[in-house]
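A quick write-up on the structure given underneath.
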Amino acid sequence: MTAFIQYTLQGLANGGFYALSALGLAVIFGVLGVVNFSHGACYMLGAVIAAVLLDTLGLGFWAALPLVTVLMFGFGVLMERLLVRWLLKLDPLYNFLLTFGITLILVDVVKRRYGVSSLPYQLPAGLEGRIEIAGIGLSKYLIFASLFSVLVCVAVWMLLTKTRIGMIVRASTEDAERSRALGINVGRWVTPVFGFGIALAGLAGVLAAPFRAINADMGSNFIIILFAVVVIGGLGSILGAVVAGFLVGLVEAFGQAYAGQFSQVFIFVLMALVILVRPAGLFGREEAA
Amino acid sequence: MSQQLTQKVEVDLPTQSVIPRARPALRWLMLAVGLVVVLALPWFVYPPVAMDIAAWALFAISVDLLLGYTGLLSFGHAAFWGASAYATGLVAIKLGVPFPVAVLAGAVVAMLLAIPTGYLAVRRTGIYFAMVTLAFAQMLYFIANQWRDVTGGENGLQGIPKSFFGVEQVETDSFYFYYAAIPLILLGVLIAWRIVNSPFGRVLVAIRDNPARARALGYDVERYKIMVFVLSAGLAGLAGGVFSISHGFASLQELVWTTSGKVVLITVLGGIGTLWGGPIGAAVVVLLEDRLASSGFNGIGIITGTIFVVIVLAFRHGIWGTARNGLGAWLNRRRVKTGQRL
């Protein structure tokens, strides 16, 4: 029982990163029609910047959390303005390839500057050690990370469904042409939405920093799992991204516990099953042929 | 929310109806020049590098068969290249057969693997297809990494022999090996050329340009896609098998997703929808990486990534596509000048 709860917690914490990042991926895809390959690299960048902030300026986790998120927002805005923007009218494959190129550059730039070995980071102040709940010792940080990601997911959900901005973004996603006809300046929202998605990936990176190895390659595997997550959840669906994110996190954690290194294979088996039964994903809509 | 996917604003893939095809005489001349270059390559380039160029060229052609001619971006083609590299190596080591037999066996393994993958992947189109193929390639990578007894795990498969009917020059000298192995590559190119210029190939182009219309005309679109996917995997397998024999080992590098990305880069750089693009892109990328590696620069990704960004932003027809468009425009102008009918 103890082990079961620990794996669940581990899975929820992992799932939190997947859900947060997949959420960013889904929002960007919804509004821009872009599948951002560099999402994993942005997650890596978030963690690396947090580590560098600690090393050079002595800024800890609590300062890094908002700071990195803002920085990555700026990075996303730049990326959209300078590069992604020019390909929006073409087949989405071109932006997929563009962001793949950006990924290669980011990974090797970090590798050249900081090497391949992991950068040091520690648990944030106040969250070290374990907490006893009903006789089971659980890592405080893992509990925090799971709760925090759920909280952010809920906040984004509220932002999209309960506010005027969210309504505009959803309308632009649903039918850009008609939204324009109704007097909404759709183009104005493209850049901030892209920046917002990238910021979510960076935020996930900071959250991962205290208990994952921080290095240039940490995003390489992450992005593939993330693709599996959005295929399972249904690429355009925001709810799908969140649910599938946590689902995949749990599958990975329990797989690791009971099947060792083969755990990753389960994720892809799950993906294959979803494609077989519901090609559009759990929460996705059927696409036209 | 998938509105953007179904309503494509402008597809920028080159279509054959837009780009003029070269006249027959010119095509034969190009073919002759191409053959001469292939045969002369190891005289000018270090033979193992020449072999790499040839293998990557066929690999790129296999990707282009899907991307350029069927409109499917496979971002997991390393699965077939890598699976064949391992299968070829295992057959060569365990059975000691001449290497062409081992390579063909590797290609068959790649095709068998492509059947279930293709069956699942063609259920999705466009960008989903890329993501699904990528994910399956990664699954294979994990399996190869864990299945140490067979694949050697992180050490890879070492000591793959170049047995060739006891001909010692081929087995020891990479210069002669090139000439022994190049027929396999040319066989692959020939198969690709036959596919593209057959009725089957025309159906593929029809599916690329308008899947709904192809279906309305009575073609089983999914079946055609699976068939070309399996054929393409076979060509990738042929290339991967030659690559692993040439190097004498198969490693996880062959299965990792950057390899899938590299071959797509080569294809796009050379020019999508042109069989000539693959070889040209392969020559540029392999020679560039060889130069960079020997100069001790450790950041190849920065260079290749930048090339990718520039190509996609400003140079989408690739080297061959751009050259062909230029040549076509020039020929047309000349015809107008000399009063010939278009």
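Identifiers for the structure tokens are assigned positionally: chains receive A, B, ... in sequence, residues are indexed from 1 per chain, and ligands are indexed from 1 in the order shown.
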
Which neighbours of region 128-140 of chain B fall inside 9 Å, counting only C-alpha atoms, when residues of the same chain fewer than 4 positions from it are skipped, and could you give them as a PyMOL selection string?
(chain A and resi 93+221+224-225+227-228+231+235+264-265+267-269+271-272) or (chain B and resi 72-80+83+117-118+120-124+144-145+255-257+260)

Take the residues from that selection and put them in a file with N, CA and C atoms, as a CSV table (one decimal), in the first residue's frame.
chain,number,residue,atom,x,y,z
A,93,LEU,N,3.5,21.3,-41.6
A,93,LEU,CA,4.7,20.5,-41.5
A,93,LEU,C,5.9,21.4,-41.5
A,221,ASN,N,14.0,13.3,-24.8
A,221,ASN,CA,13.0,12.2,-24.6
A,221,ASN,C,11.7,12.8,-24.3
A,224,ILE,N,9.2,13.6,-27.1
A,224,ILE,CA,8.5,12.4,-27.7
A,224,ILE,C,7.4,11.9,-26.8
A,225,ILE,N,7.6,11.9,-25.5
A,225,ILE,CA,6.6,11.5,-24.6
A,225,ILE,C,5.4,12.5,-24.7
A,227,PHE,N,4.5,14.2,-27.3
A,227,PHE,CA,3.8,13.9,-28.5
A,227,PHE,C,2.8,12.8,-28.3
A,228,ALA,N,3.3,11.7,-27.6
A,228,ALA,CA,2.4,10.6,-27.3
A,228,ALA,C,1.3,11.1,-26.4
A,231,VAL,N,-1.2,12.9,-28.7
A,231,VAL,CA,-1.9,12.0,-29.5
A,231,VAL,C,-3.0,11.3,-28.7
A,235,LEU,N,-5.0,16.2,-30.1
A,235,LEU,CA,-4.1,17.3,-30.2
A,235,LEU,C,-4.8,18.7,-29.9
A,264,GLN,N,8.8,2.9,-20.5
A,264,GLN,CA,8.5,3.9,-21.6
A,264,GLN,C,7.7,3.2,-22.7
A,265,VAL,N,8.0,1.9,-22.8
A,265,VAL,CA,7.3,1.2,-23.9
A,265,VAL,C,5.8,1.2,-23.7
A,267,ILE,N,3.9,3.5,-22.5
A,267,ILE,CA,3.3,4.7,-23.0
A,267,ILE,C,3.0,4.6,-24.5
A,268,PHE,N,3.9,4.0,-25.2
A,268,PHE,CA,3.6,3.9,-26.7
A,268,PHE,C,2.6,2.8,-27.0
A,269,VAL,N,2.6,1.8,-26.1
A,269,VAL,CA,1.5,0.8,-26.3
A,269,VAL,C,0.1,1.4,-26.1
A,271,MET,N,-0.5,4.5,-26.5
A,271,MET,CA,-0.8,5.4,-27.6
A,271,MET,C,-1.3,4.5,-28.8
A,272,ALA,N,-0.7,3.4,-29.1
A,272,ALA,CA,-1.2,2.5,-30.2
A,272,ALA,C,-2.6,2.1,-29.9
B,72,LEU,N,3.2,12.5,-47.0
B,72,LEU,CA,3.3,12.0,-45.6
B,72,LEU,C,4.7,12.2,-45.1
B,73,LEU,N,4.7,13.0,-44.0
B,73,LEU,CA,6.1,13.2,-43.4
B,73,LEU,C,6.3,12.1,-42.3
B,74,SER,N,7.2,11.2,-42.6
B,74,SER,CA,7.6,10.2,-41.6
B,74,SER,C,8.7,10.8,-40.8
B,75,PHE,N,8.5,11.0,-39.5
B,75,PHE,CA,9.5,11.5,-38.7
B,75,PHE,C,10.1,10.4,-37.8
B,76,GLY,N,9.9,9.2,-38.3
B,76,GLY,CA,10.5,8.1,-37.5
B,76,GLY,C,11.1,7.1,-38.4
B,77,HIS,N,11.7,7.5,-39.5
B,77,HIS,CA,12.3,6.6,-40.5
B,77,HIS,C,13.5,6.0,-40.0
B,78,ALA,N,14.1,6.5,-38.9
B,78,ALA,CA,15.3,5.9,-38.3
B,78,ALA,C,14.9,4.5,-37.8
B,79,ALA,N,13.7,4.3,-37.5
B,79,ALA,CA,13.3,2.9,-37.1
B,79,ALA,C,13.6,1.9,-38.1
B,80,PHE,N,13.4,2.2,-39.4
B,80,PHE,CA,13.6,1.1,-40.4
B,80,PHE,C,15.1,1.1,-40.8
B,83,ALA,N,16.6,-0.6,-37.6
B,83,ALA,CA,16.2,-2.0,-37.4
B,83,ALA,C,17.0,-2.8,-38.4
B,117,THR,N,3.4,-0.7,-38.0
B,117,THR,CA,3.6,0.7,-37.8
B,117,THR,C,2.7,1.5,-38.8
B,118,GLY,N,2.9,1.1,-40.1
B,118,GLY,CA,2.1,1.8,-41.1
B,118,GLY,C,0.6,1.7,-40.9
B,120,LEU,N,-1.0,1.5,-38.2
B,120,LEU,CA,-1.5,2.4,-37.2
B,120,LEU,C,-1.3,3.9,-37.6
B,121,ALA,N,-0.1,4.1,-38.3
B,121,ALA,CA,0.2,5.5,-38.6
B,121,ALA,C,-0.7,6.1,-39.6
B,122,VAL,N,-1.1,5.3,-40.6
B,122,VAL,CA,-2.0,5.9,-41.7
B,122,VAL,C,-3.4,6.2,-41.2
B,123,ARG,N,-3.7,5.8,-40.0
B,123,ARG,CA,-5.0,6.2,-39.5
B,123,ARG,C,-5.0,7.7,-39.2
B,124,ARG,N,-3.9,8.3,-39.1
B,124,ARG,CA,-3.8,9.8,-38.9
B,124,ARG,C,-3.1,10.4,-40.1
B,144,ALA,N,15.6,-1.5,-28.3
B,144,ALA,CA,16.9,-1.9,-28.6
B,144,ALA,C,17.9,-1.6,-27.5
B,145,ASN,N,17.6,-0.5,-26.7
B,145,ASN,CA,18.5,-0.1,-25.6
B,145,ASN,C,18.4,-1.1,-24.5
B,255,LEU,N,19.1,4.5,-34.4
B,255,LEU,CA,17.6,4.5,-34.1
B,255,LEU,C,17.1,5.8,-33.5
B,256,VAL,N,18.0,6.7,-33.0
B,256,VAL,CA,17.6,7.8,-32.2
B,256,VAL,C,16.9,8.8,-33.2
B,257,TRP,N,16.0,9.7,-32.6
B,257,TRP,CA,15.2,10.5,-33.4
B,257,TRP,C,15.9,11.6,-34.2
B,260,SER,N,16.3,10.4,-37.6
B,260,SER,CA,15.1,10.6,-38.4
B,260,SER,C,15.1,12.1,-38.9

I want to know what sits within 12 Å of Ile280 (chain B), based on only C-alpha atoms, with residues of the same chain fewer than 3 positions away left out; could you give that as JSON, numbers by chain?
{"B": [34, 37, 38, 53, 54, 56, 57, 58, 60, 61, 265, 266, 267, 268, 269, 270, 271, 272, 274, 275, 276, 277, 283, 284, 285, 286, 287, 318, 319, 320, 321, 323]}

Spatial neighbours of Leu138 (chain A), 9 Å, only C-alpha atoms, chain gap at least 5 places, as an NGL selection string
:A and (5-6 or 9 or 129-133 or 143)

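Distance annotation: of A:Ile238, A:Asp91, A:Leu160, A:Arg178, the residue with the minimal separation from Gly71 (chain B) is A:Asp91; atom set is only C-alpha atoms.
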
Set the cut-off to 7 Å and count only C-alpha atoms: what are the residues of chain A that reach chain B? Output as a VMD selection string.
chain A and resid 30 33 89 to 94 98 101 to 102 104 to 105 108 to 109 112 173 to 174 224 227 to 228 236 to 237 265 268 275 to 276 279 288 to 289

Write the residues you've just listed into a file as a compact mmCIF listing (two decimals), in the first residue's frame, and include N, CA and C atoms for each of them.
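What landed in out.txt:
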# COMPACT_ATOMS: atom_id res chain seq x y z
N GLY A 30 -3.89 24.99 -31.08
CA GLY A 30 -5.25 25.44 -31.29
C GLY A 30 -5.31 26.78 -32.00
N GLY A 33 -2.11 26.59 -35.11
CA GLY A 33 -2.00 25.43 -35.99
C GLY A 33 -0.57 24.95 -36.10
N LYS A 89 1.04 30.53 -42.77
CA LYS A 89 0.07 30.33 -43.84
C LYS A 89 0.31 29.04 -44.61
N LEU A 90 1.46 28.39 -44.36
CA LEU A 90 1.80 27.18 -45.11
C LEU A 90 1.34 25.94 -44.37
N ASP A 91 1.58 24.78 -45.00
CA ASP A 91 1.28 23.50 -44.37
C ASP A 91 1.98 23.43 -43.00
N PRO A 92 1.28 22.92 -41.97
CA PRO A 92 1.88 22.89 -40.62
C PRO A 92 3.19 22.11 -40.55
N LEU A 93 3.46 21.27 -41.56
CA LEU A 93 4.71 20.51 -41.54
C LEU A 93 5.92 21.44 -41.54
N TYR A 94 5.78 22.61 -42.19
CA TYR A 94 6.94 23.50 -42.28
C TYR A 94 7.32 24.07 -40.93
N LEU A 98 10.73 23.69 -38.88
CA LEU A 98 11.41 24.88 -38.38
C LEU A 98 11.74 24.73 -36.90
N GLY A 101 14.52 22.39 -36.24
CA GLY A 101 15.82 23.04 -36.42
C GLY A 101 16.19 23.87 -35.20
N ILE A 102 15.21 24.61 -34.66
CA ILE A 102 15.46 25.43 -33.46
C ILE A 102 15.89 24.54 -32.30
N LEU A 104 17.52 21.65 -32.43
CA LEU A 104 18.92 21.24 -32.62
C LEU A 104 19.85 22.35 -32.15
N ILE A 105 19.52 23.60 -32.53
CA ILE A 105 20.38 24.72 -32.17
C ILE A 105 20.41 24.90 -30.65
N ASP A 108 22.41 22.14 -28.76
CA ASP A 108 23.86 22.19 -28.91
C ASP A 108 24.47 23.46 -28.32
N VAL A 109 23.72 24.54 -28.32
CA VAL A 109 24.22 25.76 -27.67
C VAL A 109 24.40 25.51 -26.18
N ARG A 112 27.36 23.15 -25.59
CA ARG A 112 28.67 23.80 -25.74
C ARG A 112 29.00 24.67 -24.54
N THR A 173 -9.73 30.07 -32.06
CA THR A 173 -9.36 28.69 -32.31
C THR A 173 -10.44 27.99 -33.10
N GLU A 174 -11.66 28.24 -32.70
CA GLU A 174 -12.82 27.54 -33.28
C GLU A 174 -13.01 27.92 -34.74
N ILE A 224 9.18 13.59 -27.05
CA ILE A 224 8.55 12.43 -27.70
C ILE A 224 7.38 11.95 -26.84
N PHE A 227 4.54 14.22 -27.31
CA PHE A 227 3.78 13.93 -28.53
C PHE A 227 2.82 12.78 -28.28
N ALA A 228 3.31 11.75 -27.58
CA ALA A 228 2.44 10.62 -27.26
C ALA A 228 1.26 11.13 -26.43
N GLY A 236 -5.95 18.91 -30.41
CA GLY A 236 -6.54 20.24 -30.22
C GLY A 236 -7.18 20.43 -28.86
N SER A 237 -7.33 19.35 -28.11
CA SER A 237 -8.13 19.41 -26.89
C SER A 237 -7.31 19.80 -25.67
N VAL A 265 7.96 1.88 -22.84
CA VAL A 265 7.27 1.16 -23.92
C VAL A 265 5.76 1.16 -23.67
N PHE A 268 3.89 3.98 -25.22
CA PHE A 268 3.64 3.89 -26.66
C PHE A 268 2.60 2.82 -26.97
N ILE A 275 -4.94 4.98 -30.71
CA ILE A 275 -5.06 5.21 -32.15
C ILE A 275 -5.99 4.17 -32.78
N LEU A 276 -5.89 2.94 -32.28
CA LEU A 276 -6.74 1.87 -32.83
C LEU A 276 -8.21 2.11 -32.52
N PRO A 279 -9.06 7.07 -33.13
CA PRO A 279 -7.95 7.72 -33.84
C PRO A 279 -7.79 9.20 -33.51
N ALA A 288 -11.46 15.64 -40.58
CA ALA A 288 -11.96 15.31 -41.91
C ALA A 288 -10.85 14.62 -42.69
N ALA A 289 -11.21 13.67 -43.52
CA ALA A 289 -10.20 12.87 -44.23
C ALA A 289 -9.40 13.71 -45.19

So that I can see what lies close to Glu154 (chain B), please list as an NGL selection string the residues with an atom at most 7 Å from it, counting only C-alpha atoms and leaving out residues fewer than 2 positions away in the same chain.
:B and (145 or 152 or 156 or 252)

Now that the selection is made, can you save its residues with N, CA and C atoms as a PDB file, in the first residue's frame?
ATOM      1  N   ASN B 145      17.600  -0.490 -26.745  1.00  0.00           N
ATOM      2  CA  ASN B 145      18.452  -0.096 -25.624  1.00  0.00           C
ATOM      3  C   ASN B 145      18.386  -1.130 -24.495  1.00  0.00           C
ATOM      4  N   GLY B 152      23.239  -5.610 -27.892  1.00  0.00           N
ATOM      5  CA  GLY B 152      24.444  -5.073 -27.261  1.00  0.00           C
ATOM      6  C   GLY B 152      24.197  -3.784 -26.498  1.00  0.00           C
ATOM      7  N   GLY B 156      26.256  -1.290 -28.610  1.00  0.00           N
ATOM      8  CA  GLY B 156      25.928  -1.563 -29.993  1.00  0.00           C
ATOM      9  C   GLY B 156      26.410  -2.938 -30.414  1.00  0.00           C
ATOM     10  N   LEU B 252      23.034   2.478 -31.285  1.00  0.00           N
ATOM     11  CA  LEU B 252      21.751   3.118 -30.981  1.00  0.00           C
ATOM     12  C   LEU B 252      21.589   4.424 -31.750  1.00  0.00           C
TER      13      LEU B 252
END

Apply DSSP to the backbone of this structure and, from region 38-125 of chain B, keep only the residues in alpha helix (DSSP H); write these as a ChimeraX atom specification.
/B:38-44,47-67,78-95,99-121
